[in-house]
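Enquirer: Contents of start.cif (mmCIF, C-alpha atoms (C1' of nucleotides)) are given next:
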```cif
data_start
loop_
_atom_site.label_atom_id
_atom_site.label_comp_id
_atom_site.auth_asym_id
_atom_site.auth_seq_id
_atom_site.Cartn_x
_atom_site.Cartn_y
_atom_site.Cartn_z
CA MET A 1 154.00 68.68 92.92
CA VAL A 2 157.08 68.00 90.83
CA LYS A 3 160.35 67.24 92.56
CA GLN A 4 162.30 70.49 92.67
CA ASN A 5 165.86 70.92 91.60
CA THR A 6 168.48 72.40 93.91
CA SER A 7 168.40 75.90 92.36
CA GLU A 8 164.74 76.28 93.18
CA ARG A 9 165.03 74.76 96.63
CA ILE A 10 167.73 77.33 97.36
CA LEU A 11 165.40 80.12 96.25
CA ASP A 12 162.56 78.74 98.38
CA VAL A 13 164.67 78.48 101.51
CA THR A 14 166.32 81.87 101.00
CA GLN A 15 162.96 83.57 100.46
CA GLU A 16 161.56 82.02 103.60
CA LEU A 17 164.59 83.06 105.65
CA ILE A 18 164.48 86.65 104.36
CA GLN A 19 160.76 86.91 105.10
CA SER A 20 161.48 85.76 108.61
CA ARG A 21 164.83 87.37 109.45
CA GLY A 22 165.83 89.74 106.67
CA TYR A 23 168.79 89.72 104.30
CA SER A 24 171.71 90.91 106.41
CA ALA A 25 171.03 88.47 109.22
CA ILE A 26 171.12 85.30 107.12
CA SER A 27 174.14 83.45 105.79
CA PHE A 28 175.02 80.84 103.20
CA ASN A 29 175.36 78.42 106.06
CA ASP A 30 171.80 79.03 107.26
CA ILE A 31 170.52 78.42 103.76
CA ALA A 32 172.71 75.39 103.10
CA GLU A 33 171.61 73.70 106.30
CA LYS A 34 167.92 74.07 105.48
CA VAL A 35 168.42 72.88 101.90
CA GLY A 36 170.55 69.97 103.06
CA ILE A 37 173.73 70.82 101.19
CA LYS A 38 177.05 72.52 102.02
CA LYS A 39 177.57 76.22 101.54
CA PRO A 40 179.96 76.19 98.57
CA SER A 41 177.30 74.31 96.62
CA ILE A 42 175.07 77.36 96.77
CA MET A 43 177.67 79.39 94.93
CA HIS A 44 177.63 76.97 92.09
CA HIS A 45 174.03 78.08 91.46
CA TYR A 46 174.31 81.73 92.51
CA PRO A 47 177.74 83.36 92.35
CA SER A 48 177.23 85.74 95.28
CA LYS A 49 174.82 86.59 98.07
CA ALA A 50 173.68 89.67 96.13
CA ALA A 51 172.96 87.55 93.04
CA LEU A 52 170.97 85.12 95.17
CA GLY A 53 168.98 87.97 96.70
CA VAL A 54 168.21 89.41 93.29
CA ALA A 55 167.09 86.01 92.02
CA VAL A 56 164.74 85.58 94.97
CA VAL A 57 163.07 88.97 94.58
CA ASP A 58 162.93 88.67 90.81
CA ARG A 59 161.10 85.36 91.05
CA TYR A 60 158.79 86.73 93.75
CA ARG A 61 157.78 89.70 91.62
CA LYS A 62 157.36 87.64 88.46
CA THR A 63 155.17 85.11 90.26
CA PHE A 64 152.78 87.86 91.29
CA ALA A 65 152.96 89.48 87.87
CA ALA A 66 152.06 86.23 86.15
CA MET A 67 149.20 85.64 88.58
CA PHE A 68 147.66 89.05 87.96
CA ASP A 69 148.21 89.00 84.22
CA ASN A 70 146.37 85.70 84.15
CA ILE A 71 143.49 86.88 86.33
CA LEU A 72 143.06 90.18 84.55
CA SER A 73 143.22 88.92 80.97
CA GLU A 74 141.88 85.36 80.95
CA HIS A 75 138.90 85.58 83.21
CA LYS A 76 136.07 88.04 83.63
CA LEU A 77 135.90 88.07 87.38
CA PRO A 78 134.18 90.90 89.24
CA ALA A 79 136.62 93.48 90.63
CA LYS A 80 135.56 92.52 94.13
CA LYS A 81 136.82 88.96 93.58
CA ILE A 82 140.05 90.17 92.03
CA LEU A 83 140.62 92.43 95.01
CA ASP A 84 140.19 89.47 97.34
CA ILE A 85 142.83 87.61 95.35
CA TYR A 86 145.11 90.63 95.67
CA PHE A 87 144.62 90.61 99.44
CA SER A 88 145.07 86.86 99.85
CA PRO A 89 148.89 86.74 100.10
CA TYR A 90 148.78 89.29 102.93
CA LEU A 91 146.11 87.28 104.70
CA ASN A 92 148.07 84.06 104.29
CA LEU A 93 151.25 85.62 105.63
CA SER A 94 149.44 87.05 108.61
CA GLU A 95 148.38 83.61 109.73
CA ASN A 96 152.05 82.69 109.97
CA LYS A 97 153.54 84.87 112.66
CA GLU A 98 157.06 84.23 111.38
CA LYS A 99 156.90 85.89 107.99
CA VAL A 100 156.10 89.20 106.29
CA CYS A 101 156.16 90.23 102.64
CA LEU A 102 159.59 89.58 101.14
CA CYS A 103 159.99 93.19 100.03
CA GLY A 104 158.53 94.57 103.23
CA ALA A 105 161.23 92.74 105.17
CA LEU A 106 163.92 94.02 102.81
CA ALA A 107 162.63 97.60 102.88
CA GLY A 108 163.63 97.97 106.54
CA GLU A 109 167.31 97.41 105.79
CA TYR A 110 167.15 99.11 102.41
CA ARG A 111 170.31 101.16 102.63
CA ALA A 112 172.40 98.18 103.67
CA LEU A 113 171.45 96.23 100.55
CA PRO A 114 173.47 95.90 97.35
CA GLU A 115 172.36 98.27 94.62
CA GLU A 116 171.01 95.53 92.32
CA LEU A 117 168.80 94.22 95.08
CA ARG A 118 167.39 97.67 95.83
CA GLY A 119 166.30 97.99 92.22
CA GLU A 120 164.32 94.77 92.45
CA ILE A 121 162.52 95.97 95.57
CA THR A 122 161.63 99.29 93.99
CA ARG A 123 160.20 97.42 91.06
CA PHE A 124 158.10 95.15 93.24
CA PHE A 125 156.48 98.07 95.04
CA ASP A 126 155.90 99.95 91.80
CA ASP A 127 154.29 96.87 90.27
CA SER A 128 152.22 96.14 93.38
CA LYS A 129 150.81 99.62 93.21
CA LYS A 130 150.05 99.36 89.48
CA TRP A 131 148.14 96.10 89.93
CA LEU A 132 146.06 97.71 92.62
CA VAL A 133 145.37 100.78 90.47
CA THR A 134 144.13 98.47 87.72
CA ILE A 135 141.80 96.67 90.12
CA LEU A 136 140.47 99.94 91.52
CA GLU A 137 139.77 101.30 88.04
CA LEU A 138 138.00 98.09 87.08
CA GLY A 139 135.84 98.30 90.18
CA LYS A 140 135.07 101.96 89.72
CA ASP A 141 134.14 101.53 86.05
CA ALA A 142 131.84 98.64 86.95
CA ALA A 143 130.31 100.66 89.80
CA GLU A 144 131.38 97.96 92.23
CA PHE A 145 133.60 100.27 94.27
CA GLY A 146 132.72 103.68 95.60
CA PHE A 147 135.76 105.74 96.57
CA ASP A 148 136.79 109.36 96.32
CA GLY A 149 140.04 110.59 94.84
CA GLU A 150 142.45 109.27 92.28
CA PRO A 151 142.95 105.48 92.03
CA GLU A 152 146.73 106.08 92.27
CA VAL A 153 146.36 107.82 95.62
CA VAL A 154 143.96 105.23 97.01
CA ALA A 155 146.19 102.40 95.77
CA SER A 156 149.23 103.91 97.47
CA LEU A 157 147.37 104.23 100.72
CA MET A 158 146.16 100.66 100.53
CA LEU A 159 149.59 99.21 99.74
CA ASP A 160 151.21 101.21 102.55
CA THR A 161 148.54 100.03 104.96
CA LEU A 162 148.86 96.36 103.99
CA GLN A 163 152.64 96.37 104.29
CA GLY A 164 152.61 98.26 107.57
CA SER A 165 149.86 96.06 108.93
CA LEU A 166 151.79 92.84 108.26
CA MET A 167 154.94 94.20 109.82
CA ILE A 168 153.28 95.60 112.92
CA SER A 169 151.03 92.59 113.45
CA ARG A 170 154.09 90.34 113.61
CA ALA A 171 155.87 92.67 116.01
CA THR A 172 152.84 92.94 118.28
CA SER A 173 151.72 89.29 118.04
CA ASN A 174 148.34 90.47 116.85
CA LYS A 175 147.27 87.60 114.64
CA ASN A 176 143.89 88.98 113.64
CA HIS A 177 145.18 92.44 112.81
CA VAL A 178 145.72 92.02 109.06
CA HIS A 179 142.28 90.50 108.69
CA GLU A 180 140.74 93.55 110.38
CA THR A 181 142.86 95.87 108.25
CA ILE A 182 141.62 94.26 105.06
CA GLU A 183 138.01 94.49 106.23
CA SER A 184 138.50 98.18 106.91
CA LEU A 185 140.06 98.77 103.49
CA LYS A 186 137.17 97.00 101.80
CA SER A 187 134.67 98.98 103.80
CA GLU A 188 136.35 102.20 102.62
CA LEU A 189 135.68 101.06 99.06
CA GLY A 190 132.01 100.56 99.94
CA LEU A 191 132.29 96.77 100.20
CA MET L 1 172.85 122.50 122.80
CA VAL L 2 174.90 120.99 125.59
CA LYS L 3 178.00 119.03 124.75
CA GLN L 4 177.01 115.35 124.78
CA ASN L 5 178.83 112.63 126.60
CA THR L 6 180.05 109.51 124.83
CA SER L 7 177.16 107.28 125.97
CA GLU L 8 174.65 109.52 124.29
CA ARG L 9 176.71 110.03 121.17
CA ILE L 10 176.87 106.25 120.82
CA LEU L 11 173.09 106.07 121.09
CA ASP L 12 172.67 108.84 118.50
CA VAL L 13 174.96 107.21 115.98
CA THR L 14 173.53 103.73 116.53
CA GLN L 15 169.98 104.98 116.12
CA GLU L 16 170.87 106.75 112.89
CA LEU L 17 172.61 103.67 111.52
CA ILE L 18 169.69 101.38 112.38
CA GLN L 19 167.20 103.77 110.80
CA SER L 20 169.31 103.71 107.67
CA ARG L 21 170.57 100.13 107.46
CA GLY L 22 168.92 98.04 110.15
CA TYR L 23 170.36 96.20 113.13
CA SER L 24 171.92 93.07 111.65
CA ALA L 25 173.87 94.98 109.00
CA ILE L 26 175.70 97.32 111.38
CA SER L 27 178.72 96.60 113.53
CA PHE L 28 180.57 98.09 116.49
CA ASN L 29 183.17 99.23 114.02
CA ASP L 30 180.64 101.23 111.99
CA ILE L 31 179.42 102.88 115.16
CA ALA L 32 182.88 103.51 116.60
CA GLU L 33 184.09 105.17 113.41
CA LYS L 34 181.17 107.60 113.33
CA VAL L 35 181.51 108.42 117.02
CA GLY L 36 185.25 108.85 116.68
CA ILE L 37 186.36 106.20 119.17
CA LYS L 38 187.58 102.58 118.95
CA LYS L 39 185.18 99.69 119.13
CA PRO L 40 186.08 98.28 122.55
CA SER L 41 185.20 101.67 124.03
CA ILE L 42 181.56 101.09 123.08
CA MET L 43 181.46 98.01 125.24
CA HIS L 44 182.48 100.02 128.25
CA HIS L 45 179.14 101.85 127.92
CA TYR L 46 176.99 99.00 126.60
CA PRO L 47 178.07 95.44 127.38
CA SER L 48 176.72 93.87 124.19
CA LYS L 49 175.15 94.70 120.86
CA ALA L 50 171.78 93.55 122.17
CA ALA L 51 172.08 95.83 125.20
CA LEU L 52 172.97 98.75 122.93
CA GLY L 53 169.99 98.02 120.70
CA VAL L 54 167.67 97.89 123.70
CA ALA L 55 169.05 101.19 125.00
CA VAL L 56 168.46 102.88 121.64
CA VAL L 57 164.86 101.74 121.31
CA ASP L 58 164.12 102.42 124.95
CA ARG L 59 165.32 106.00 124.64
CA TYR L 60 163.43 106.43 121.36
CA ARG L 61 160.16 105.30 122.89
CA LYS L 62 160.62 107.33 126.06
CA THR L 63 161.39 110.47 124.06
CA PHE L 64 158.08 110.17 122.24
CA ALA L 65 156.27 109.24 125.44
CA ALA L 66 157.59 112.32 127.21
CA MET L 67 156.68 114.53 124.28
CA PHE L 68 153.08 113.32 124.18
CA ASP L 69 152.63 113.31 127.93
CA ASN L 70 153.73 116.92 127.91
CA ILE L 71 151.48 117.96 125.03
CA LEU L 72 148.44 116.14 126.34
CA SER L 73 148.61 117.22 129.97
CA GLU L 74 150.28 120.63 130.07
CA HIS L 75 148.67 122.42 127.16
CA LYS L 76 145.16 122.69 125.86
CA LEU L 77 145.87 122.44 122.17
CA PRO L 78 143.12 121.54 119.71
CA ALA L 79 143.22 117.86 118.65
CA LYS L 80 144.01 118.94 115.12
CA LYS L 81 147.25 120.56 116.29
CA ILE L 82 148.18 117.57 118.40
CA LEU L 83 147.63 115.30 115.43
CA ASP L 84 150.01 117.42 113.35
CA ILE L 85 152.61 117.03 116.07
CA TYR L 86 152.04 113.28 115.99
CA PHE L 87 152.59 113.27 112.23
CA SER L 88 155.65 115.51 112.28
CA PRO L 89 158.32 112.85 112.93
CA TYR L 90 157.09 110.88 109.93
CA LEU L 91 157.15 114.01 107.80
CA ASN L 92 160.65 114.88 108.95
CA LEU L 93 161.96 111.40 108.24
CA SER L 94 160.41 111.39 104.79
CA GLU L 95 162.43 114.44 103.80
CA ASN L 96 165.57 112.43 104.50
CA LYS L 97 165.61 109.58 102.03
CA GLU L 98 168.11 107.66 104.14
CA LYS L 99 166.05 106.95 107.21
CA VAL L 100 162.77 105.39 108.35
CA CYS L 101 161.22 104.99 111.81
CA LEU L 102 163.62 103.15 114.11
CA CYS L 103 161.06 100.47 114.91
CA GLY L 104 159.84 100.23 111.33
CA ALA L 105 163.38 99.38 110.27
CA LEU L 106 163.72 96.81 113.04
CA ALA L 107 160.32 95.25 112.33
CA GLY L 108 161.57 93.90 108.99
CA GLU L 109 164.23 91.74 110.60
CA TYR L 110 162.13 91.02 113.68
CA ARG L 111 162.82 87.31 113.99
CA ALA L 112 166.57 87.80 113.75
CA LEU L 113 166.61 90.13 116.74
CA PRO L 114 167.46 89.23 120.33
CA GLU L 115 164.42 88.65 122.50
CA GLU L 116 164.95 91.76 124.69
CA LEU L 117 165.03 93.97 121.63
CA ARG L 118 161.82 92.49 120.24
CA GLY L 119 160.05 93.40 123.45
CA GLU L 120 161.08 97.03 123.09
CA ILE L 121 159.74 97.17 119.53
CA THR L 122 156.42 95.65 120.54
CA ARG L 123 156.14 98.26 123.24
CA PHE L 124 156.85 101.12 120.86
CA PHE L 125 154.12 100.07 118.45
CA ASP L 126 151.65 99.49 121.29
CA ASP L 127 152.42 102.93 122.71
CA SER L 128 152.27 104.61 119.29
CA LYS L 129 148.82 103.21 118.79
CA LYS L 130 147.67 104.31 122.25
CA TRP L 131 148.83 107.88 121.71
CA LEU L 132 146.92 107.98 118.46
CA VAL L 133 143.79 106.57 120.09
CA THR L 134 143.97 109.33 122.69
CA ILE L 135 144.26 112.00 120.00
CA LEU L 136 141.37 110.55 118.03
CA GLU L 137 139.15 110.44 121.12
CA LEU L 138 140.03 114.03 121.95
CA GLY L 139 139.17 115.12 118.42
CA LYS L 140 135.94 113.18 118.36
CA ASP L 141 134.79 114.50 121.74
CA ALA L 142 135.54 118.06 120.64
CA ALA L 143 133.74 117.46 117.33
CA GLU L 144 136.93 118.34 115.49
CA PHE L 145 137.21 114.94 113.77
CA GLY L 146 134.51 113.08 111.96
CA PHE L 147 135.27 109.39 111.50
CA ASP L 148 133.31 106.16 111.63
CA GLY L 149 134.23 103.14 113.68
CA GLU L 150 136.19 102.58 116.84
CA PRO L 151 139.17 104.88 117.57
CA GLU L 152 141.28 101.75 118.13
CA VAL L 153 140.58 100.47 114.64
CA VAL L 154 141.18 103.85 113.00
CA ALA L 155 144.37 104.34 114.99
CA SER L 156 145.71 100.95 113.88
CA LEU L 157 144.99 101.74 110.27
CA MET L 158 146.69 105.10 110.54
CA LEU L 159 149.80 103.73 112.23
CA ASP L 160 150.11 100.91 109.68
CA THR L 161 149.73 103.41 106.86
CA LEU L 162 152.33 105.81 108.23
CA GLN L 163 154.89 103.09 108.79
CA GLY L 164 154.28 101.46 105.42
CA SER L 165 154.34 104.82 103.70
CA LEU L 166 157.75 105.75 105.11
CA MET L 167 159.23 102.40 104.18
CA ILE L 168 157.85 102.31 100.66
CA SER L 169 158.63 105.95 99.92
CA ARG L 170 162.29 105.32 100.71
CA ALA L 171 162.37 102.20 98.55
CA THR L 172 160.68 103.96 95.63
CA SER L 173 162.49 107.30 95.96
CA ASN L 174 159.13 109.03 96.22
CA LYS L 175 159.96 111.97 98.40
CA ASN L 176 156.51 113.53 98.47
CA HIS L 177 154.70 110.29 99.22
CA VAL L 178 154.51 110.57 103.01
CA HIS L 179 153.22 114.11 102.74
CA GLU L 180 150.42 112.93 100.46
CA THR L 181 149.67 110.03 102.77
CA ILE L 182 149.27 112.34 105.74
CA GLU L 183 147.00 114.64 103.76
CA SER L 184 144.84 111.66 102.86
CA LEU L 185 144.68 110.48 106.46
CA LYS L 186 143.64 113.93 107.61
CA SER L 187 141.02 114.14 104.93
CA GLU L 188 139.58 110.82 106.12
CA LEU L 189 139.12 112.45 109.52
CA GLY L 190 137.25 115.33 107.90
CA LEU L 191 140.20 117.74 108.10
"C1'" DG S 1 187.10 106.05 130.03
"C1'" DT S 2 189.83 104.89 126.14
"C1'" DC S 3 193.25 102.50 124.16
"C1'" DT S 4 196.16 98.21 121.95
"C1'" DA S 5 196.24 93.55 121.50
"C1'" DT S 6 194.03 89.45 120.99
"C1'" DA S 7 190.71 85.57 121.15
"C1'" DC S 8 187.40 83.11 118.72
"C1'" DA S 9 183.66 82.36 115.66
"C1'" DA S 10 181.41 83.27 111.45
"C1'" DA S 11 181.06 85.63 107.28
"C1'" DG S 12 181.54 85.55 101.86
"C1'" DA S 13 184.17 83.53 98.55
"C1'" DT S 14 187.67 80.38 95.81
"C1'" DA S 15 190.39 76.08 94.42
"C1'" DG S 16 190.43 71.83 93.20
"C1'" DA S 17 189.23 66.72 94.05
"C1'" DC S 18 185.57 63.56 93.05
"C1'" DG V 1 176.87 69.31 90.84
"C1'" DT V 2 178.67 68.61 95.34
"C1'" DC V 3 182.14 68.09 98.34
"C1'" DT V 4 186.55 69.21 101.58
"C1'" DA V 5 189.84 72.43 102.49
"C1'" DT V 6 191.29 76.91 102.73
"C1'" DC V 7 191.72 82.11 102.34
"C1'" DT V 8 190.63 86.58 103.98
"C1'" DT V 9 187.88 89.68 106.29
"C1'" DT V 10 184.92 90.93 109.65
"C1'" DG V 11 182.06 90.11 113.51
"C1'" DT V 12 181.31 90.27 118.89
"C1'" DA V 13 183.71 90.16 122.86
"C1'" DT V 14 187.62 90.13 126.54
"C1'" DA V 15 192.13 91.33 128.98
"C1'" DG V 16 194.87 94.44 130.57
"C1'" DA V 17 197.88 98.78 130.01
"C1'" DC V 18 197.50 103.71 130.46
#
```
Output the file's structure in the form of structure tokens.

Expert:
Amino acid sequence: MVKQNTSERILDVTQELIQSRGYSAISFNDIAEKVGIKKPSIMHHYPSKAALGVAVVDRYRKTFAAMFDNILSEHKLPAKKILDIYFSPYLNLSENKEKVCLCGALAGEYRALPEELRGEITRFFDDSKKWLVTILELGKDAAEFGFDGEPEVVASLMLDTLQGSLMISRATSNKNHVHETIESLKSELGL
Amino acid sequence: MVKQNTSERILDVTQELIQSRGYSAISFNDIAEKVGIKKPSIMHHYPSKAALGVAVVDRYRKTFAAMFDNILSEHKLPAKKILDIYFSPYLNLSENKEKVCLCGALAGEYRALPEELRGEITRFFDDSKKWLVTILELGKDAAEFGFDGEPEVVASLMLDTLQGSLMISRATSNKNHVHETIESLKSELGL
DNA sequence: GTCTATACAAAGATAGAC
DNA sequence: GTCTATCTTTGTATAGAC
């Protein structure tokens, strides 16, 4: 692990705080304290709270995009394995009762967010759905998955369920809930 | 429609604002302006923001509870009809691109919320799941629904999907999405 | 029950020294 | 690149007149 620069540490801390408490509830002071700097220093790296929010979501989305591009193009994994990789961030988050998906957290306060930030969230959900459609098509073509209906419709249902499951499991302190949800989703695909 | 008193108008406005923008992002001033009073007047009715939040969620939950108690005990509707009534608030909200479920909105910023408010949210989700379990059992006993697995598991999946669907449809401006989700859920029950 | 006035803390943001 | 100091606005909340 390379020693991170301040810009990235700010992104890390901000992401973690949003996943735990949302965007509106956190302040430059909260972030600065966790990073170990003073609040005006943050503005040297990101000129406004909106810009910082956009940078966090942009990085989040691109990290997932890079991960799936790599998995889908470089390797020849069975669709079942790729699907497990798709599920893994949800499973990891669910073991930590503090956090949900970054964009799931932001979606709740959507209409309070700056316009630029909303666009990033929209993009994340659109991308998340597309990745899932690709996996479903792979699995259907390889006869690994057995499901009825259009991949787009099934993908939407699955994404909705994963996001809702994370959110509700945190609010109901049901630690095993996301795991059960994922098992059910897999079983609906014949796995 | 009876003319409402100020206490209830405050609850109405606060609920609407939370469903649109969340809890942390709204202020007494936002509420007061919409109600048409000054902000200290709110505190005459609710001593703190936390108390107001609790009152809003408590009323929300009790409204649904009363509705389902009434439907389940007074009438002898087929389970299919009762399920449609259960779905109807989600469908109504989805036609308004501004709002999501009150507790769905709050779930995103869960760890920023005062303890008392968190308890109310937990209770709403627990109750929502129980109502759905009851409907599923009714439908299964009457051979109206055909689904595999425990009603508790199916109910959890359905609630997660509904909540996630509302949230994501708002963030992706997909107005017809919740409608499609509900059709898919019904089809999975053999309807 | 609603208002004006005010207290006090915290927010986002800027200026300028180092 | 980070700091101290400061500005301005807004937040929750209280006191007390009407």

Enquirer: Suppose you want the space between atom CA of L:Val13 and atom C1' of V:DT9; what is it in Å?

Expert: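 Calculated distance between atom CA of L:Val13 and atom C1' of V:DT9 is 23.8 Å.
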
Enquirer: Once you count only C-alpha atoms (C1' of nucleotides), which residues of chain S turn out to be within 9 Å of chain L? Could you give them as a compact mmCIF listing (two decimals) with C-alpha atoms (C1' of nucleotides), in the frame of the given file?

Expert:
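Everything below was put into result-v8.txt:
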```
# COMPACT_ATOMS: atom_id res chain seq x y z
C1' DG S 1 187.10 106.05 130.03
C1' DT S 2 189.83 104.89 126.14
C1' DC S 3 193.25 102.50 124.16
```

Enquirer: Would you translate the PyMOL selection byres ((chain L and resi 117-122) around 9) into the concrete set of residues it matches in this file, as a short mmCIF file (atom, residue, chain, number, x, y, z; two decimals) with C-alpha atoms, in the coordinates of the input?

Expert:
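Okay, out_2.cif is ready:
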```cif
data_model
loop_
_atom_site.label_atom_id
_atom_site.label_comp_id
_atom_site.auth_asym_id
_atom_site.auth_seq_id
_atom_site.Cartn_x
_atom_site.Cartn_y
_atom_site.Cartn_z
CA ILE A 168 153.28 95.60 112.92
CA ALA A 171 155.87 92.67 116.01
CA THR A 172 152.84 92.94 118.28
CA SER A 173 151.72 89.29 118.04
CA ALA L 50 171.78 93.55 122.17
CA ALA L 51 172.08 95.83 125.20
CA GLY L 53 169.99 98.02 120.70
CA VAL L 54 167.67 97.89 123.70
CA ALA L 55 169.05 101.19 125.00
CA VAL L 57 164.86 101.74 121.31
CA ASP L 58 164.12 102.42 124.95
CA ARG L 61 160.16 105.30 122.89
CA LEU L 102 163.62 103.15 114.11
CA CYS L 103 161.06 100.47 114.91
CA GLY L 104 159.84 100.23 111.33
CA LEU L 106 163.72 96.81 113.04
CA ALA L 107 160.32 95.25 112.33
CA TYR L 110 162.13 91.02 113.68
CA ARG L 111 162.82 87.31 113.99
CA LEU L 113 166.61 90.13 116.74
CA PRO L 114 167.46 89.23 120.33
CA GLU L 115 164.42 88.65 122.50
CA GLU L 116 164.95 91.76 124.69
CA ARG L 123 156.14 98.26 123.24
CA PHE L 124 156.85 101.12 120.86
CA PHE L 125 154.12 100.07 118.45
CA ASP L 126 151.65 99.49 121.29
CA ASP L 127 152.42 102.93 122.71
#
```

Enquirer: Report the residues retrieved by the PyMOL selection byres ((chain V and resi 12-16) around 10) from the displayed file, expressed as a list of chain:residue names.

Expert: L:Ser27, L:Phe28, L:Pro40, L:Met43, L:Pro47, L:Ser48, L:Lys49, S:DT4, S:DA5, S:DT6, S:DA7, S:DC8, S:DA9, V:DT10, V:DG11, V:DA17, V:DC18

Enquirer: Could you work out an axis-aligned box for stretch 6-11 of chain V, taking every atom the file lists and adding 4 Å on each side, and report centre and edge lengths in Å to one decimal, as JSON?

Expert:
```
{"center_x": 186.9, "center_y": 83.9, "center_z": 107.9, "size_x": 17.7, "size_y": 22.0, "size_z": 19.2}
```

Enquirer: What's the 12 Å shell around V:DT8, counting only C-alpha atoms (C1' of nucleotides), without same-chain residues fewer than 4 positions away, as an MDAnalysis selection string?

Expert: chainID S and resid 11:14

Enquirer: For the PyMOL selection byres ((chain V) within 8 of (chain A)), applied here, can you spell out every residue it catches as a VMD selection string?

Expert: chain V and resid 1 to 3

Enquirer: Considering all atoms listed in the file, can you say which of L:Glu150, L:Gly108, L:Lys62, L:Ile71 comes closest to A:Ser169?

Expert: L:Gly108

Enquirer: By how many Å are atom CA of L:Lys34 and atom CA of L:Val2 apart?

Expert: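 One can read the atom CA of L:Lys34 to atom CA of L:Val2 distance as 19.2 Å.
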
Enquirer: Report as JSON lines: every residue of chain A with an atom at most 6 Å from chain L, its closest pair of atoms, and their distance in Å to one decimal, counting only C-alpha atoms, with rows sorted by chain and ascending residue number.

Expert:
```
{"residue": "A:Ser20", "atom": "CA", "partner": "L:Arg111", "partner_atom": "CA", "distance": 5.8}
{"residue": "A:Arg21", "atom": "CA", "partner": "L:Glu109", "partner_atom": "CA", "distance": 4.6}
{"residue": "A:Gly22", "atom": "CA", "partner": "L:Glu109", "partner_atom": "CA", "distance": 4.7}
{"residue": "A:Ser24", "atom": "CA", "partner": "L:Ala25", "partner_atom": "CA", "distance": 5.3}
{"residue": "A:Ala25", "atom": "CA", "partner": "L:Ser24", "partner_atom": "CA", "distance": 5.3}
{"residue": "A:Ala105", "atom": "CA", "partner": "L:Gly108", "partner_atom": "CA", "distance": 4.0}
{"residue": "A:Gly108", "atom": "CA", "partner": "L:Ala105", "partner_atom": "CA", "distance": 4.0}
{"residue": "A:Glu109", "atom": "CA", "partner": "L:Arg21", "partner_atom": "CA", "distance": 4.6}
{"residue": "A:Arg111", "atom": "CA", "partner": "L:Arg21", "partner_atom": "CA", "distance": 4.9}
{"residue": "A:Ala112", "atom": "CA", "partner": "L:Arg21", "partner_atom": "CA", "distance": 4.6}
{"residue": "A:Thr122", "atom": "CA", "partner": "L:Thr172", "partner_atom": "CA", "distance": 5.0}
{"residue": "A:Asp160", "atom": "CA", "partner": "L:Gly164", "partner_atom": "CA", "distance": 4.2}
{"residue": "A:Thr161", "atom": "CA", "partner": "L:Thr161", "partner_atom": "CA", "distance": 4.1}
{"residue": "A:Gln163", "atom": "CA", "partner": "L:Gly164", "partner_atom": "CA", "distance": 5.5}
{"residue": "A:Gly164", "atom": "CA", "partner": "L:Gly164", "partner_atom": "CA", "distance": 4.2}
{"residue": "A:Ser165", "atom": "CA", "partner": "L:Asp160", "partner_atom": "CA", "distance": 4.9}
{"residue": "A:Ala171", "atom": "CA", "partner": "L:Thr122", "partner_atom": "CA", "distance": 5.5}
{"residue": "A:Thr172", "atom": "CA", "partner": "L:Thr122", "partner_atom": "CA", "distance": 5.0}
```
